[in-house]
Structures are given as C-alpha cells and as structure tokens.
$ cat my_file.pdb   # PDB, C-alpha atoms and all ligand atoms
ATOM      1  CA  MET A 269     -21.950 -14.103  -7.673  1.00  0.00           C
ATOM      2  CA  LYS A 270     -18.445 -15.180  -8.579  1.00  0.00           C
ATOM      3  CA  PHE A 271     -17.341 -16.409 -11.984  1.00  0.00           C
ATOM      4  CA  VAL A 272     -14.509 -18.371 -13.491  1.00  0.00           C
ATOM      5  CA  ILE A 273     -13.576 -16.634 -16.735  1.00  0.00           C
ATOM      6  CA  HIS A 274     -11.389 -18.269 -19.367  1.00  0.00           C
ATOM      7  CA  LYS A 275      -9.929 -15.786 -21.838  1.00  0.00           C
ATOM      8  CA  ASN A 276      -8.252 -17.164 -24.945  1.00  0.00           C
ATOM      9  CA  LYS A 277      -6.638 -15.217 -27.761  1.00  0.00           C
ATOM     10  CA  VAL A 278      -6.992 -17.035 -31.074  1.00  0.00           C
ATOM     11  CA  SER A 279      -5.813 -16.167 -34.580  1.00  0.00           C
ATOM     12  CA  TRP A 280      -9.059 -14.376 -35.479  1.00  0.00           C
ATOM     13  CA  GLY A 281      -9.930 -12.733 -32.143  1.00  0.00           C
ATOM     14  CA  THR A 282     -10.580 -13.321 -28.447  1.00  0.00           C
ATOM     15  CA  VAL A 283     -12.931 -15.817 -26.808  1.00  0.00           C
ATOM     16  CA  TRP A 284     -14.222 -15.722 -23.224  1.00  0.00           C
ATOM     17  CA  HIS A 285     -15.965 -18.613 -21.474  1.00  0.00           C
ATOM     18  CA  ILE A 286     -17.780 -17.348 -18.405  1.00  0.00           C
ATOM     19  CA  ILE A 287     -18.877 -19.954 -15.859  1.00  0.00           C
ATOM     20  CA  THR A 288     -20.560 -19.339 -12.531  1.00  0.00           C
ATOM     21  CA  ASN A 289     -18.402 -20.517  -9.641  1.00  0.00           C
ATOM     22  CA  ASP A 290     -20.948 -23.201  -8.783  1.00  0.00           C
ATOM     23  CA  GLY A 291     -21.005 -24.478 -12.388  1.00  0.00           C
ATOM     24  CA  MET A 292     -24.744 -23.808 -12.756  1.00  0.00           C
ATOM     25  CA  GLY A 293     -24.450 -21.257 -15.544  1.00  0.00           C
ATOM     26  CA  CYS A 294     -22.199 -20.638 -18.508  1.00  0.00           C
ATOM     27  CA  VAL A 295     -21.993 -18.413 -21.549  1.00  0.00           C
ATOM     28  CA  GLN A 296     -19.497 -17.696 -24.314  1.00  0.00           C
ATOM     29  CA  ALA A 297     -18.506 -14.301 -25.719  1.00  0.00           C
ATOM     30  CA  GLN A 298     -16.108 -13.431 -28.513  1.00  0.00           C
ATOM     31  CA  ILE A 299     -14.756 -10.580 -30.579  1.00  0.00           C
ATOM     32  CA  ASP A 300     -13.302 -10.812 -34.071  1.00  0.00           C
ATOM     33  CA  ASN A 301     -10.157  -8.836 -34.846  1.00  0.00           C
ATOM     34  CA  ASP A 302     -12.018  -7.443 -37.887  1.00  0.00           C
ATOM     35  CA  ASN A 303     -14.921  -6.215 -35.758  1.00  0.00           C
ATOM     36  CA  PRO A 304     -13.544  -5.250 -32.328  1.00  0.00           C
ATOM     37  CA  ASN A 305     -16.577  -3.124 -31.404  1.00  0.00           C
ATOM     38  CA  THR A 306     -19.000  -6.041 -31.338  1.00  0.00           C
ATOM     39  CA  LEU A 307     -19.111  -8.735 -28.664  1.00  0.00           C
ATOM     40  CA  PHE A 308     -20.863 -11.862 -29.970  1.00  0.00           C
ATOM     41  CA  VAL A 309     -22.583 -13.842 -27.236  1.00  0.00           C
ATOM     42  CA  SER A 310     -23.644 -17.479 -27.583  1.00  0.00           C
ATOM     43  CA  GLY A 311     -24.417 -20.559 -25.566  1.00  0.00           C
ATOM     44  CA  LEU A 312     -26.107 -18.875 -22.604  1.00  0.00           C
ATOM     45  CA  SER A 313     -27.207 -21.806 -20.461  1.00  0.00           C
ATOM     46  CA  VAL A 314     -28.380 -22.417 -16.909  1.00  0.00           C
ATOM     47  CA  TYR A 315     -28.572 -25.920 -15.439  1.00  0.00           C
ATOM     48  CA  GLU A 316     -32.217 -27.011 -15.512  1.00  0.00           C
ATOM     49  CA  GLY A 317     -32.469 -27.323 -11.733  1.00  0.00           C
ATOM     50  CA  ALA A 318     -31.166 -23.784 -11.200  1.00  0.00           C
ATOM     51  CA  ARG A 319     -33.361 -21.854 -13.639  1.00  0.00           C
ATOM     52  CA  ARG A 320     -35.681 -18.940 -12.864  1.00  0.00           C
ATOM     53  CA  ARG A 321     -33.515 -17.717 -10.007  1.00  0.00           C
ATOM     54  CA  GLY A 322     -31.912 -14.863 -11.935  1.00  0.00           C
ATOM     55  CA  LEU A 323     -28.662 -16.599 -12.927  1.00  0.00           C
ATOM     56  CA  ALA A 324     -28.926 -15.809 -16.645  1.00  0.00           C
ATOM     57  CA  THR A 325     -29.710 -12.187 -15.829  1.00  0.00           C
ATOM     58  CA  ILE A 326     -26.597 -11.975 -13.648  1.00  0.00           C
ATOM     59  CA  MET A 327     -24.478 -13.518 -16.410  1.00  0.00           C
ATOM     60  CA  LEU A 328     -25.799 -10.998 -18.931  1.00  0.00           C
ATOM     61  CA  HIS A 329     -24.738  -8.221 -16.520  1.00  0.00           C
ATOM     62  CA  GLU A 330     -21.290  -9.790 -16.356  1.00  0.00           C
ATOM     63  CA  ILE A 331     -21.160  -9.794 -20.166  1.00  0.00           C
ATOM     64  CA  GLU A 332     -21.993  -6.076 -20.164  1.00  0.00           C
ATOM     65  CA  THR A 333     -19.215  -5.406 -17.648  1.00  0.00           C
ATOM     66  CA  LEU A 334     -16.819  -7.372 -19.846  1.00  0.00           C
ATOM     67  CA  ALA A 335     -17.870  -5.290 -22.887  1.00  0.00           C
ATOM     68  CA  ILE A 336     -17.455  -1.987 -21.028  1.00  0.00           C
ATOM     69  CA  ASP A 337     -14.085  -3.007 -19.568  1.00  0.00           C
ATOM     70  CA  ASN A 338     -12.850  -3.876 -23.067  1.00  0.00           C
ATOM     71  CA  ASP A 339     -14.243  -0.719 -24.764  1.00  0.00           C
ATOM     72  CA  ILE A 340     -16.695  -2.770 -26.823  1.00  0.00           C
ATOM     73  CA  GLU A 341     -19.705  -0.751 -28.025  1.00  0.00           C
ATOM     74  CA  ARG A 342     -22.356  -3.370 -28.614  1.00  0.00           C
ATOM     75  CA  ILE A 343     -23.381  -6.902 -27.757  1.00  0.00           C
ATOM     76  CA  ARG A 344     -24.964  -9.137 -30.368  1.00  0.00           C
ATOM     77  CA  LEU A 345     -26.665 -12.492 -30.039  1.00  0.00           C
ATOM     78  CA  ASN A 346     -28.938 -14.769 -32.015  1.00  0.00           C
ATOM     79  CA  VAL A 347     -32.238 -16.261 -30.905  1.00  0.00           C
ATOM     80  CA  ASP A 348     -33.734 -19.285 -32.654  1.00  0.00           C
ATOM     81  CA  LYS A 349     -36.926 -19.022 -34.643  1.00  0.00           C
ATOM     82  CA  PRO A 350     -39.819 -19.438 -34.119  1.00  0.00           C
ATOM     83  CA  LYS A 351     -40.211 -16.648 -31.589  1.00  0.00           C
ATOM     84  CA  SER A 352     -40.479 -17.898 -28.007  1.00  0.00           C
ATOM     85  CA  TRP A 353     -40.328 -16.508 -24.485  1.00  0.00           C
ATOM     86  CA  VAL A 354     -36.503 -16.400 -24.839  1.00  0.00           C
ATOM     87  CA  TYR A 355     -36.848 -13.567 -27.398  1.00  0.00           C
ATOM     88  CA  ASP A 356     -38.946 -11.550 -24.942  1.00  0.00           C
ATOM     89  CA  PHE A 357     -36.500 -12.396 -22.125  1.00  0.00           C
ATOM     90  CA  TYR A 358     -33.747 -10.537 -24.032  1.00  0.00           C
ATOM     91  CA  ILE A 359     -36.042  -7.644 -25.009  1.00  0.00           C
ATOM     92  CA  ARG A 360     -36.861  -7.140 -21.303  1.00  0.00           C
ATOM     93  CA  ARG A 361     -33.093  -6.945 -20.706  1.00  0.00           C
ATOM     94  CA  GLY A 362     -32.572  -4.114 -23.178  1.00  0.00           C
ATOM     95  CA  TYR A 363     -31.804  -6.009 -26.389  1.00  0.00           C
ATOM     96  CA  GLU A 364     -33.336  -4.770 -29.650  1.00  0.00           C
ATOM     97  CA  PHE A 365     -34.245  -6.482 -32.897  1.00  0.00           C
ATOM     98  CA  TRP A 366     -31.527  -5.829 -35.475  1.00  0.00           C
ATOM     99  CA  ASP A 367     -32.044  -8.324 -38.304  1.00  0.00           C
ATOM    100  CA  GLU A 368     -33.208 -11.845 -39.052  1.00  0.00           C
ATOM    101  CA  ASP A 369     -32.646 -14.723 -41.434  1.00  0.00           C
ATOM    102  CA  GLU A 370     -34.531 -17.932 -42.068  1.00  0.00           C
ATOM    103  CA  ASP A 371     -33.407 -19.529 -38.786  1.00  0.00           C
ATOM    104  CA  ASP A 372     -32.591 -16.747 -36.333  1.00  0.00           C
ATOM    105  CA  TYR A 373     -33.374 -13.302 -35.000  1.00  0.00           C
ATOM    106  CA  TYR A 374     -30.306 -11.112 -34.488  1.00  0.00           C
ATOM    107  CA  LEU A 375     -30.521  -8.907 -31.405  1.00  0.00           C
ATOM    108  CA  VAL A 376     -28.235  -6.081 -30.322  1.00  0.00           C
ATOM    109  CA  LYS A 377     -27.652  -4.050 -27.172  1.00  0.00           C
ATOM    110  CA  TYR A 378     -25.483  -0.930 -26.997  1.00  0.00           C
ATOM    111  CA  VAL A 379     -23.522  -0.582 -23.764  1.00  0.00           C
TER     112      VAL A 379
HETATM  113  C1  LIG A 401     -32.745 -19.068 -21.161  1.00  0.00           C
HETATM  114  C2  LIG A 401     -32.084 -19.419 -19.806  1.00  0.00           C
HETATM  115  C3  LIG A 401     -30.579 -19.218 -19.953  1.00  0.00           C
HETATM  116  C4  LIG A 401     -32.657 -18.478 -18.723  1.00  0.00           C
HETATM  117  O1  LIG A 401     -31.948 -18.745 -17.507  1.00  0.00           O
HETATM  118  P1  LIG A 401     -32.534 -18.333 -16.053  1.00  0.00           P
HETATM  119  O2  LIG A 401     -31.405 -18.305 -15.096  1.00  0.00           O
HETATM  120  O3  LIG A 401     -33.681 -19.193 -15.743  1.00  0.00           O
HETATM  121  O4  LIG A 401     -33.051 -16.849 -16.338  1.00  0.00           O
HETATM  122  P2  LIG A 401     -33.438 -15.735 -15.251  1.00  0.00           P
HETATM  123  O5  LIG A 401     -33.842 -16.415 -13.979  1.00  0.00           O
HETATM  124  O6  LIG A 401     -32.355 -14.726 -15.180  1.00  0.00           O
HETATM  125  O7  LIG A 401     -34.692 -15.009 -15.936  1.00  0.00           O
HETATM  126  C5  LIG A 401     -35.795 -15.783 -16.313  1.00  0.00           C
HETATM  127  C6  LIG A 401     -36.835 -14.898 -16.977  1.00  0.00           C
HETATM  128  O8  LIG A 401     -37.378 -15.647 -18.061  1.00  0.00           O
HETATM  129  C7  LIG A 401     -38.701 -16.052 -17.712  1.00  0.00           C
HETATM  130  N1  LIG A 401     -38.848 -17.474 -18.017  1.00  0.00           N
HETATM  131  C8  LIG A 401     -38.021 -18.464 -17.639  1.00  0.00           C
HETATM  132  N2  LIG A 401     -38.486 -19.645 -18.082  1.00  0.00           N
HETATM  133  C9  LIG A 401     -39.613 -19.356 -18.771  1.00  0.00           C
HETATM  134  C10 LIG A 401     -40.561 -20.153 -19.471  1.00  0.00           C
HETATM  135  N3  LIG A 401     -40.420 -21.494 -19.563  1.00  0.00           N
HETATM  136  N4  LIG A 401     -41.596 -19.527 -20.066  1.00  0.00           N
HETATM  137  C11 LIG A 401     -41.757 -18.193 -19.989  1.00  0.00           C
HETATM  138  N5  LIG A 401     -40.885 -17.369 -19.334  1.00  0.00           N
HETATM  139  C12 LIG A 401     -39.840 -17.970 -18.735  1.00  0.00           C
HETATM  140  C13 LIG A 401     -38.844 -15.803 -16.240  1.00  0.00           C
HETATM  141  O9  LIG A 401     -40.193 -15.539 -15.925  1.00  0.00           O
HETATM  142  C14 LIG A 401     -37.970 -14.579 -16.048  1.00  0.00           C
HETATM  143  O10 LIG A 401     -38.660 -13.434 -16.522  1.00  0.00           O
HETATM  144  P3  LIG A 401     -38.378 -11.932 -16.013  1.00  0.00           P
HETATM  145  O11 LIG A 401     -37.843 -11.196 -17.222  1.00  0.00           O
HETATM  146  O12 LIG A 401     -39.729 -11.407 -15.615  1.00  0.00           O
HETATM  147  O13 LIG A 401     -37.394 -11.972 -14.896  1.00  0.00           O
HETATM  148  C15 LIG A 401     -32.386 -20.892 -19.395  1.00  0.00           C
HETATM  149  O14 LIG A 401     -33.781 -21.098 -19.432  1.00  0.00           O
HETATM  150  C16 LIG A 401     -31.699 -21.928 -20.278  1.00  0.00           C
HETATM  151  O15 LIG A 401     -30.552 -22.320 -20.043  1.00  0.00           O
HETATM  152  N6  LIG A 401     -32.430 -22.383 -21.314  1.00  0.00           N
HETATM  153  C17 LIG A 401     -31.861 -23.393 -22.247  1.00  0.00           C
HETATM  154  C18 LIG A 401     -30.812 -22.770 -23.151  1.00  0.00           C
HETATM  155  C19 LIG A 401     -31.334 -21.558 -23.907  1.00  0.00           C
HETATM  156  O16 LIG A 401     -32.431 -21.525 -24.457  1.00  0.00           O
HETATM  157  N7  LIG A 401     -30.475 -20.496 -23.956  1.00  0.00           N
HETATM  158  C20 LIG A 401     -30.763 -19.266 -24.682  1.00  0.00           C
HETATM  159  C21 LIG A 401     -29.951 -19.258 -25.942  1.00  0.00           C
HETATM  160  S1  LIG A 401     -30.365 -17.798 -26.937  1.00  0.00           S
END
$ encode --input "my_file.pdb" --output "structure tokens" --more "lines below"
Ligand SMILES: CC(C)(COP(=O)(O)OP(=O)(O)OC[C@H]1O[C@@H](n2cnc3c(N)ncnc32)[C@H](O)[C@@H]1OP(=O)(O)O)[C@@H](O)C(=O)NCCC(=O)NCCS
Amino acid sequence: MKFVIHKNKVSWGTVWHIITNDGMGCVQAQIDNDNPNTLFVSGLSVYEGARRRGLATIMLHEIETLAIDNDIERIRLNVDKPKSWVYDFYIRRGYEFWDEDEDDYYLVKYV
C-alpha cells in the first residue's frame, strides 16, 4: 500500500495527513512542541465502499512507523462514547485504556 503524506510544521507542532494512494483512506496525526513524545491520532476514516478490507489496519501500521521514525514513544487517540465495536477494534490492535471523560475514551499504545 502506498500513501501520500503531507507534513506541515505549524507554530505549536507538526501535523501529518496520511492518505492512501487510491484516496480510500485517510488519517491525521500530530505532535505538540510541548509534548514531543506523544503522537495524537484523529480522523481515521475509510470510504464506506472500501471498509472491512484491512485498510484502517494498514494505516495504523503506517502511523506506528511514523512514530518510530520520529522517535515518538506513544500514540494516543480518542474514541467516542458510548462504547462500540470501534473501541474493541483498537484494543485488538494493541491500544490500551488510559483515561476517559464525559464524551470520550482516551486510548494509548506504546511503540
Ligand atoms: C473504523 C474504520 C476506520 C475501520 O476501517 P476498515 O478499513 O474497515 O478497518 P479494517 O478492515 O482494518 O478492520 C476492521 C475490523 O473491524 C471490524 N468491524 C468493521 N466494521 C464493523 C462493524 N460494523 N461491526 C463490528 N465490527 C466491525 C472488522 O470485523 C475487523 O475486525 P478484526 O479486528 O477482526 O480484523 C471505518 O469503519 C470507518 O471509517 N468508520 C467511520 C469513521 C470512524 O468511526 N473512525 C474511527 C474514529 S475513532
């Protein structure tokens, strides 16, 4: 799988937009200058007609490669409440519960 990766330095950190070459999947990742050991992941999305073929799993691997290549220790992401299959999807991919608030679960994975 090939990706187009946009990397943008902004005043507060660095933002990556990772898009599969065919446009079917995308995800965003960012680090804050104040917290360079944590990669925050958001917006993981696969086009409806291309789901359940492993694309999201491949993109999460790409995120891990990005973290390792940039000496980032952990990946964090939020999952909406109430708990759904998406929460278990991340747990099966090595993410762990870290915290929660009224709206979200916070998950973490150390790489
Ligand atoms: C979540 C999402 C990115 C998954 O993408 P995907 O390419 O279909 O994911 P994969 O094919 O890599 O893996 C799918 C896994 O989830 C499971 N799954 C997928 N849809 C499911 C459903 N509706 N109900 C239960 N399990 C489901 C599959 O069985 C598979 O399980 P596995 O761990 O045994 O392999 C995609 O469904 C999506 O874009 N959803 C809308 C946006 C969203 O919710 N993003 C998450 C933000 S936290």
$ atom_distance --input "my_file.pdb" --atom1 "atom CA of Gly311 of chain A" --atom2 "atom O16 of ligand LIG 401 (chain A)"
8.1 Å
$ residues_around --input "my_file.pdb" --residues "Ser313 of chain A" --least-positions-apart "5" --cutoff "10 Å" --atoms "all atoms listed in the file" --output "PyMOL selection string"
chain A and resi 287+292-296+319+323-324+327
$ atom_distance --input "my_file.pdb" --atom1 "atom CA of Arg344 of chain A" --atom2 "atom O2 of ligand LIG 401 (chain A)"
18.9 Å
$ residues_near_ligand --input "my_file.pdb" --ligand "ligand LIG 401 (chain A)" --cutoff "8 Å" --atoms "all atoms listed in the file" --output "number ranges by chain"
A: 293, 310-316, 318-326, 345-348, 353-358, 360-361
$ atom_distance --input "my_file.pdb" --atom1 "atom CA of Ser352 of chain A" --atom2 "atom CA of His329 of chain A"
21.8 Å
$ residues_around --input "my_file.pdb" --residues "Glu332 of chain A" --least-positions-apart "3" --cutoff "10 Å" --atoms "all atoms listed in the file" --output "list in words"
Leu307, Ile326, Met327, Leu328, His329, Ala335, Ile336, Asp337, Asn338, Ile340, Glu341, Arg342, Ile343, Lys377, Tyr378 and Val379 of chain A
$ resolve_selection --input "my_file.pdb" --expression "the PyMOL selection byres (((chain A and resi 369) around 12) and not hetatm)" --output "number ranges by chain"
A: 346-350, 365-368, 370-375
$ resolve_selection --input "my_file.pdb" --expression "the PyMOL selection byres (((chain A and resi 300) around 12) and not hetatm)" --output "PyMOL selection string"
chain A and resi 277-284+297-299+301-309+340
$ axis_aligned_box --input "my_file.pdb" --around "segment 335-339 of chain A" --padding-each-side "3 Å" --output "JSON"
{"center_x": -15.4, "center_y": -3.0, "center_z": -22.2, "size_x": 11.0, "size_y": 10.6, "size_z": 11.2}
$ resolve_selection --input "my_file.pdb" --expression "the PyMOL selection byres (((chain A and resi 271) around 9) and not hetatm)" --output "VMD selection string"
chain A and resid 269 to 270 272 to 273 286 to 291 327 330
$ build_atoms --input "my_file.pdb" --residues "segment 295-325 of chain A" --atoms "N, CA and C atoms" --output "PDB file, in the frame of the given file"
ATOM      1  N   VAL A 295     -21.709 -19.162 -20.331  1.00  0.00           N
ATOM      2  CA  VAL A 295     -21.993 -18.413 -21.549  1.00  0.00           C
ATOM      3  C   VAL A 295     -20.663 -18.149 -22.241  1.00  0.00           C
ATOM      4  N   GLN A 296     -20.717 -18.002 -23.550  1.00  0.00           N
ATOM      5  CA  GLN A 296     -19.497 -17.696 -24.314  1.00  0.00           C
ATOM      6  C   GLN A 296     -19.632 -16.323 -24.946  1.00  0.00           C
ATOM      7  N   ALA A 297     -18.521 -15.601 -25.041  1.00  0.00           N
ATOM      8  CA  ALA A 297     -18.506 -14.301 -25.719  1.00  0.00           C
ATOM      9  C   ALA A 297     -17.239 -14.222 -26.546  1.00  0.00           C
ATOM     10  N   GLN A 298     -17.303 -13.531 -27.678  1.00  0.00           N
ATOM     11  CA  GLN A 298     -16.108 -13.431 -28.513  1.00  0.00           C
ATOM     12  C   GLN A 298     -16.096 -12.151 -29.321  1.00  0.00           C
ATOM     13  N   ILE A 299     -14.898 -11.678 -29.616  1.00  0.00           N
ATOM     14  CA  ILE A 299     -14.756 -10.580 -30.579  1.00  0.00           C
ATOM     15  C   ILE A 299     -13.850 -11.052 -31.715  1.00  0.00           C
ATOM     16  N   ASP A 300     -14.160 -10.563 -32.911  1.00  0.00           N
ATOM     17  CA  ASP A 300     -13.302 -10.812 -34.071  1.00  0.00           C
ATOM     18  C   ASP A 300     -12.345  -9.639 -34.211  1.00  0.00           C
ATOM     19  N   ASN A 301     -11.120  -9.919 -34.609  1.00  0.00           N
ATOM     20  CA  ASN A 301     -10.157  -8.836 -34.846  1.00  0.00           C
ATOM     21  C   ASN A 301     -10.698  -7.830 -35.857  1.00  0.00           C
ATOM     22  N   ASP A 302     -11.482  -8.322 -36.832  1.00  0.00           N
ATOM     23  CA  ASP A 302     -12.018  -7.443 -37.887  1.00  0.00           C
ATOM     24  C   ASP A 302     -13.169  -6.580 -37.399  1.00  0.00           C
ATOM     25  N   ASN A 303     -13.731  -6.925 -36.248  1.00  0.00           N
ATOM     26  CA  ASN A 303     -14.921  -6.215 -35.758  1.00  0.00           C
ATOM     27  C   ASN A 303     -14.824  -6.049 -34.240  1.00  0.00           C
ATOM     28  N   PRO A 304     -13.833  -5.286 -33.763  1.00  0.00           N
ATOM     29  CA  PRO A 304     -13.544  -5.250 -32.328  1.00  0.00           C
ATOM     30  C   PRO A 304     -14.584  -4.508 -31.492  1.00  0.00           C
ATOM     31  N   ASN A 305     -15.555  -3.861 -32.156  1.00  0.00           N
ATOM     32  CA  ASN A 305     -16.577  -3.124 -31.404  1.00  0.00           C
ATOM     33  C   ASN A 305     -17.827  -3.949 -31.111  1.00  0.00           C
ATOM     34  N   THR A 306     -17.817  -5.197 -31.543  1.00  0.00           N
ATOM     35  CA  THR A 306     -19.000  -6.041 -31.338  1.00  0.00           C
ATOM     36  C   THR A 306     -18.624  -7.302 -30.578  1.00  0.00           C
ATOM     37  N   LEU A 307     -19.298  -7.512 -29.452  1.00  0.00           N
ATOM     38  CA  LEU A 307     -19.111  -8.735 -28.664  1.00  0.00           C
ATOM     39  C   LEU A 307     -20.234  -9.702 -29.038  1.00  0.00           C
ATOM     40  N   PHE A 308     -19.871 -10.855 -29.578  1.00  0.00           N
ATOM     41  CA  PHE A 308     -20.863 -11.862 -29.970  1.00  0.00           C
ATOM     42  C   PHE A 308     -21.049 -12.839 -28.803  1.00  0.00           C
ATOM     43  N   VAL A 309     -22.283 -12.978 -28.380  1.00  0.00           N
ATOM     44  CA  VAL A 309     -22.583 -13.842 -27.236  1.00  0.00           C
ATOM     45  C   VAL A 309     -23.322 -15.075 -27.734  1.00  0.00           C
ATOM     46  N   SER A 310     -22.954 -16.237 -27.205  1.00  0.00           N
ATOM     47  CA  SER A 310     -23.644 -17.479 -27.583  1.00  0.00           C
ATOM     48  C   SER A 310     -23.622 -18.449 -26.409  1.00  0.00           C
ATOM     49  N   GLY A 311     -24.468 -19.455 -26.517  1.00  0.00           N
ATOM     50  CA  GLY A 311     -24.417 -20.559 -25.566  1.00  0.00           C
ATOM     51  C   GLY A 311     -24.812 -20.214 -24.140  1.00  0.00           C
ATOM     52  N   LEU A 312     -25.638 -19.176 -23.965  1.00  0.00           N
ATOM     53  CA  LEU A 312     -26.107 -18.875 -22.604  1.00  0.00           C
ATOM     54  C   LEU A 312     -26.915 -20.067 -22.105  1.00  0.00           C
ATOM     55  N   SER A 313     -26.520 -20.616 -20.967  1.00  0.00           N
ATOM     56  CA  SER A 313     -27.207 -21.806 -20.461  1.00  0.00           C
ATOM     57  C   SER A 313     -27.155 -21.855 -18.939  1.00  0.00           C
ATOM     58  N   VAL A 314     -28.290 -22.212 -18.365  1.00  0.00           N
ATOM     59  CA  VAL A 314     -28.380 -22.417 -16.909  1.00  0.00           C
ATOM     60  C   VAL A 314     -28.862 -23.856 -16.680  1.00  0.00           C
ATOM     61  N   TYR A 315     -28.198 -24.542 -15.794  1.00  0.00           N
ATOM     62  CA  TYR A 315     -28.572 -25.920 -15.439  1.00  0.00           C
ATOM     63  C   TYR A 315     -30.072 -25.957 -15.102  1.00  0.00           C
ATOM     64  N   GLU A 316     -30.756 -26.982 -15.611  1.00  0.00           N
ATOM     65  CA  GLU A 316     -32.217 -27.011 -15.512  1.00  0.00           C
ATOM     66  C   GLU A 316     -32.714 -26.801 -14.081  1.00  0.00           C
ATOM     67  N   GLY A 317     -32.015 -27.418 -13.123  1.00  0.00           N
ATOM     68  CA  GLY A 317     -32.469 -27.323 -11.733  1.00  0.00           C
ATOM     69  C   GLY A 317     -32.186 -25.976 -11.079  1.00  0.00           C
ATOM     70  N   ALA A 318     -31.529 -25.091 -11.794  1.00  0.00           N
ATOM     71  CA  ALA A 318     -31.166 -23.784 -11.200  1.00  0.00           C
ATOM     72  C   ALA A 318     -31.798 -22.617 -11.953  1.00  0.00           C
ATOM     73  N   ARG A 319     -32.756 -22.920 -12.823  1.00  0.00           N
ATOM     74  CA  ARG A 319     -33.361 -21.854 -13.639  1.00  0.00           C
ATOM     75  C   ARG A 319     -34.370 -21.034 -12.844  1.00  0.00           C
ATOM     76  N   ARG A 320     -34.676 -19.876 -13.390  1.00  0.00           N
ATOM     77  CA  ARG A 320     -35.681 -18.940 -12.864  1.00  0.00           C
ATOM     78  C   ARG A 320     -35.299 -18.423 -11.487  1.00  0.00           C
ATOM     79  N   ARG A 321     -33.993 -18.332 -11.247  1.00  0.00           N
ATOM     80  CA  ARG A 321     -33.515 -17.717 -10.007  1.00  0.00           C
ATOM     81  C   ARG A 321     -32.626 -16.517 -10.324  1.00  0.00           C
ATOM     82  N   GLY A 322     -32.662 -16.067 -11.578  1.00  0.00           N
ATOM     83  CA  GLY A 322     -31.912 -14.863 -11.935  1.00  0.00           C
ATOM     84  C   GLY A 322     -30.488 -15.080 -12.405  1.00  0.00           C
ATOM     85  N   LEU A 323     -30.068 -16.342 -12.545  1.00  0.00           N
ATOM     86  CA  LEU A 323     -28.662 -16.599 -12.927  1.00  0.00           C
ATOM     87  C   LEU A 323     -28.326 -16.065 -14.321  1.00  0.00           C
ATOM     88  N   ALA A 324     -29.205 -16.292 -15.283  1.00  0.00           N
ATOM     89  CA  ALA A 324     -28.926 -15.809 -16.645  1.00  0.00           C
ATOM     90  C   ALA A 324     -28.854 -14.286 -16.655  1.00  0.00           C
ATOM     91  N   THR A 325     -29.711 -13.653 -15.902  1.00  0.00           N
ATOM     92  CA  THR A 325     -29.710 -12.187 -15.829  1.00  0.00           C
ATOM     93  C   THR A 325     -28.371 -11.695 -15.269  1.00  0.00           C
TER      94      THR A 325
END
